[in-house]
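S.K.: Provided herewith is a single structure, encoded as structure tokens, for subsequent inquiry.
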Amino acid sequence: METHSRVLSDSRKPVDDGAIAIETIGLTKRYGKDVLAVDDLDLTVYEGEIFGFLGPNGAGKSTTIDVIMDYVRPSAGSATVLGYDAQTETREIHERVGILPDGYGLYDRLTGRKHLEYAIALKQSDDTVDDLLDRVGLDAAAADRVVGGYSKGMMQRLALAIALVGDPELLILDEPSSGLDPNGVRLVREIARNHADRGKTVFFSSHILSQVEAVCDRVAILNRGRLVAIDSIDGLRDTLGTGSTVTLSVDAIPDSLTLGELAGVSDVAVDGRTIRVSVDEATAKVDVIDRIRDDGAAILDVTIEESSLEDLFSAYTGDVPPKVDASEVER
Ligand SMILES: Nc1ncnc2c1ncn2[C@@H]1O[C@H](COP(=O)(O)OP(=O)(O)OP(=O)(O)O)[C@@H](O)[C@H]1O
């Protein structure tokens, strides 16, 4: 398989290259001699974007976030957040950023309410606890219990509420959907959209493509510490031709099936009264449906399966991403 070692060009920059929310230049982080967690990363995120930061486990996403929040120091390169230097103007950054970290950092013996009260005091915000609870779907009774008894989903909702305190200019979400049920996943998306609709920035880090693609304007793909692509999801799919599969049930297979002639169609397979069509251009999906009707078949059902993150990763890196054993990672 072809390996894309260069960073593909960005086909969907905001029309008006507005103010910059996050910028890293040559950012590099080594742990000891052997681990190169982030490797010469140049990244620009614009204000008002929902920016997806995608990569398999161990790609360096959390380390990048750790550097831009000054939780760890880079080995080389620099980062700015909202125009402030990540290393020398940390206070200014922390006042303006809300972060949902990977791993909750919550205290078992404190109630959810106490956590929020502390966060509100720290940010000197006029938010109310009840309003924040409401935004993340935690009820008041749950908030009065200690966090030690919370489910993973409840902890994630509480951590999200803490990130929202003070209505930050930049919201950093590191694997925000972990532990959440589908309603919680939807809630994260709504919160991200609502934030961006009000001109604020969301940096959404995840290894799950479906969650990123549903909400992000642009994405960067990180692999083994290196930026391998930065574009919209559709742009990535189009560039790579990893495309989607359209599966159609029809009343009868037409005598002359002319789908193979369509631009953007790479493969057609027929099984009984099911037609499976691989397309490598987003616009070809609708053309496939039109053409089958023109060929004389009635369509009874259609499903569309987009290429998975694994397909995209494989296309960019030429191999399956490495899995990192959590026990190997000292935090
Ligand atoms: N404190 C540390 N000491 C040593 N190595 C580390 C440390 N933190 C991270 N690493 C290593 O750096 C690399 C990048 O890890 P990082 O956690 O940034 O990746 P990630 O993309 O966020 O993945 P995940 O989603 O699994 O957290 C991995 O190889 C990891 O083992």
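Here, A, B, ... name the chains of the structure tokens in the order displayed, residue numbers run from 1 inside each chain, and ligands are numbered from 1 in the same displayed order.
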Which of region 124-223 of chain A end up as strand (DSSP E) when DSSP is run on this backbone - answer as an MDAnalysis selection string?
M.R.: chainID A and resid 170:174 201:206 218:223
S.K.: Could you name the residues that touch Asp294 (chain A) at 10 Å or less, counting only C-alpha atoms, but leaving out those on the same chain fewer than 5 positions away, as a PyMOL selection string?
M.R.: chain A and resi 254+257-258+288-289
S.K.: Show which residues sit within 12 Å of Val212 (chain A), as JSON, numbers by chain. Count only C-alpha atoms, and ignore same-chain residues fewer than 5 positions away.
M.R.: {"A": [50, 51, 52, 53, 54, 55, 173, 174, 175, 176, 177, 185, 186, 188, 189, 192, 193, 202, 203, 204, 205, 206, 207, 217, 218, 219, 220, 221, 232, 233, 308, 309]}
S.K.: Would you list, as a count of residues only, the residues of region 183-312 of chain A that end up in alpha helix (DSSP H) under DSSP run on this structure's backbone?
M.R.: 43
S.K.: Which residues come within 12 Å of Tyr31 (chain A), counting only C-alpha atoms, excluding same-chain residues fewer than 3 positions away, as JSON, numbers by chain?
M.R.: {"A": [28, 34, 35, 36, 37, 38, 39, 60, 63, 72, 73, 74, 75, 225, 329, 330, 331]}
S.K.: Kindly export the residues of the current selection with C-alpha atoms, as a PDB file, in the first residue's frame.
M.R.:
```pdb
ATOM      1  CA  THR A  28       8.861  18.185  19.476  1.00  0.00           C
ATOM      2  CA  ASP A  34      13.767   6.253  22.949  1.00  0.00           C
ATOM      3  CA  VAL A  35      10.334   7.852  22.853  1.00  0.00           C
ATOM      4  CA  LEU A  36       9.673  10.589  20.329  1.00  0.00           C
ATOM      5  CA  ALA A  37       6.091  11.407  21.340  1.00  0.00           C
ATOM      6  CA  VAL A  38       5.655  14.514  19.148  1.00  0.00           C
ATOM      7  CA  ASP A  39       7.884  15.041  16.152  1.00  0.00           C
ATOM      8  CA  GLY A  60       1.055  11.923  20.601  1.00  0.00           C
ATOM      9  CA  THR A  63       1.323  14.980  24.732  1.00  0.00           C
ATOM     10  CA  VAL A  72       5.038  19.253  30.127  1.00  0.00           C
ATOM     11  CA  ARG A  73       7.845  21.197  28.469  1.00  0.00           C
ATOM     12  CA  PRO A  74       8.699  20.620  24.801  1.00  0.00           C
ATOM     13  CA  SER A  75      12.109  19.301  23.781  1.00  0.00           C
ATOM     14  CA  GLY A 225       4.098  11.894  16.645  1.00  0.00           C
ATOM     15  CA  VAL A 329       3.066   5.096  30.140  1.00  0.00           C
ATOM     16  CA  GLU A 330       4.284   6.972  33.156  1.00  0.00           C
ATOM     17  CA  ARG A 331       2.192  10.140  33.637  1.00  0.00           C
TER      18      ARG A 331
END
```
S.K.: So, with only C-alpha atoms and all ligand atoms as the atoms that count, which of A:Asp102, A:Asp181, A:Glu306, A:Glu49 lies closest to ligand 1?
M.R.: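 Ranked by minimum distance to ligand 1, first place goes to A:Asp102.
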S.K.: What is the distance, in Å and to one decimal place, between CA of His115 (chain A) and CA of Ile208 (chain A)?
M.R.: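 For CA of His115 (chain A) relative to CA of Ile208 (chain A), the distance reads 28.4 Å.
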S.K.: Considering only C-alpha atoms, can you say which of A:Leu180, A:Ile65, A:Ala86, A:Ala119 comes closest to Ile162 (chain A)?
M.R.: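 Distance minimum relative to Ile162 (chain A) lands on A:Ala119.
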S.K.: Return the single residue from A:Ala142, A:Leu222, A:Ile22, A:Leu122 that is closest to ligand 1, with distances computed using only C-alpha atoms and all ligand atoms.
M.R.: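 Using only C-alpha atoms and all ligand atoms, ligand 1 sits closest to A:Leu222.
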S.K.: Quote the spacing between CA of Val81 (chain A) and CA of Ala21 (chain A) in Å to one decimal place.
M.R.: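 That distance, rounded to one decimal, is 5.6 Å.
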S.K.: Please indicate the distance in Å from CA of Asp280 (chain A) to CA of Asn57 (chain A), rounded to one decimal place.
M.R.: 27.1 Å
S.K.: Between A:Arg226, A:Ile253, A:Arg135, A:Arg96, which has the minimum distance to ligand 1 (counting only C-alpha atoms and all ligand atoms)?
M.R.: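 Among the listed residues, the smallest separation from ligand 1 belongs to A:Arg226.
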S.K.: List as a PyMOL selection string the protein and nucleic acid residues near Gly112 (chain A), meaning an atom at most 7 Å away when only C-alpha atoms are counted, but skip any in the same chain fewer than 6 places from it.
M.R.: chain A and resi 143-147+158
S.K.: Using the selection just defined, write its residues with N, CA and C atoms as a compact mmCIF listing (two decimals), in the first residue's frame.
M.R.:
```txt
# COMPACT_ATOMS: atom_id res chain seq x y z
N ALA A 143 -25.19 15.25 41.91
CA ALA A 143 -24.13 16.23 42.19
C ALA A 143 -23.80 16.27 43.68
N ASP A 144 -24.76 15.88 44.53
CA ASP A 144 -24.51 15.93 45.97
C ASP A 144 -23.86 14.65 46.49
N ARG A 145 -23.64 13.69 45.61
CA ARG A 145 -22.94 12.47 46.03
C ARG A 145 -21.45 12.59 45.74
N VAL A 146 -20.63 11.79 46.48
CA VAL A 146 -19.19 11.86 46.21
C VAL A 146 -18.87 11.15 44.90
N VAL A 147 -17.82 11.66 44.26
CA VAL A 147 -17.47 11.19 42.92
C VAL A 147 -17.03 9.71 42.91
N LEU A 158 -19.26 15.26 34.51
CA LEU A 158 -18.79 16.24 35.49
C LEU A 158 -17.52 16.93 34.96
```
S.K.: Rank nothing, just name the residue among A:Arg224, A:Arg30, A:His94, A:Lys285 nearest to Gly166 (chain A), using only C-alpha atoms.
M.R.: A:His94
S.K.: Name the closest residue to ligand 1 among the candidates A:Thr128, A:Ser178, A:Gln87, A:Ser210; distances are taken between atoms, counting only C-alpha atoms and all ligand atoms.
M.R.: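 Closest residue, counting only C-alpha atoms and all ligand atoms: A:Ser178.
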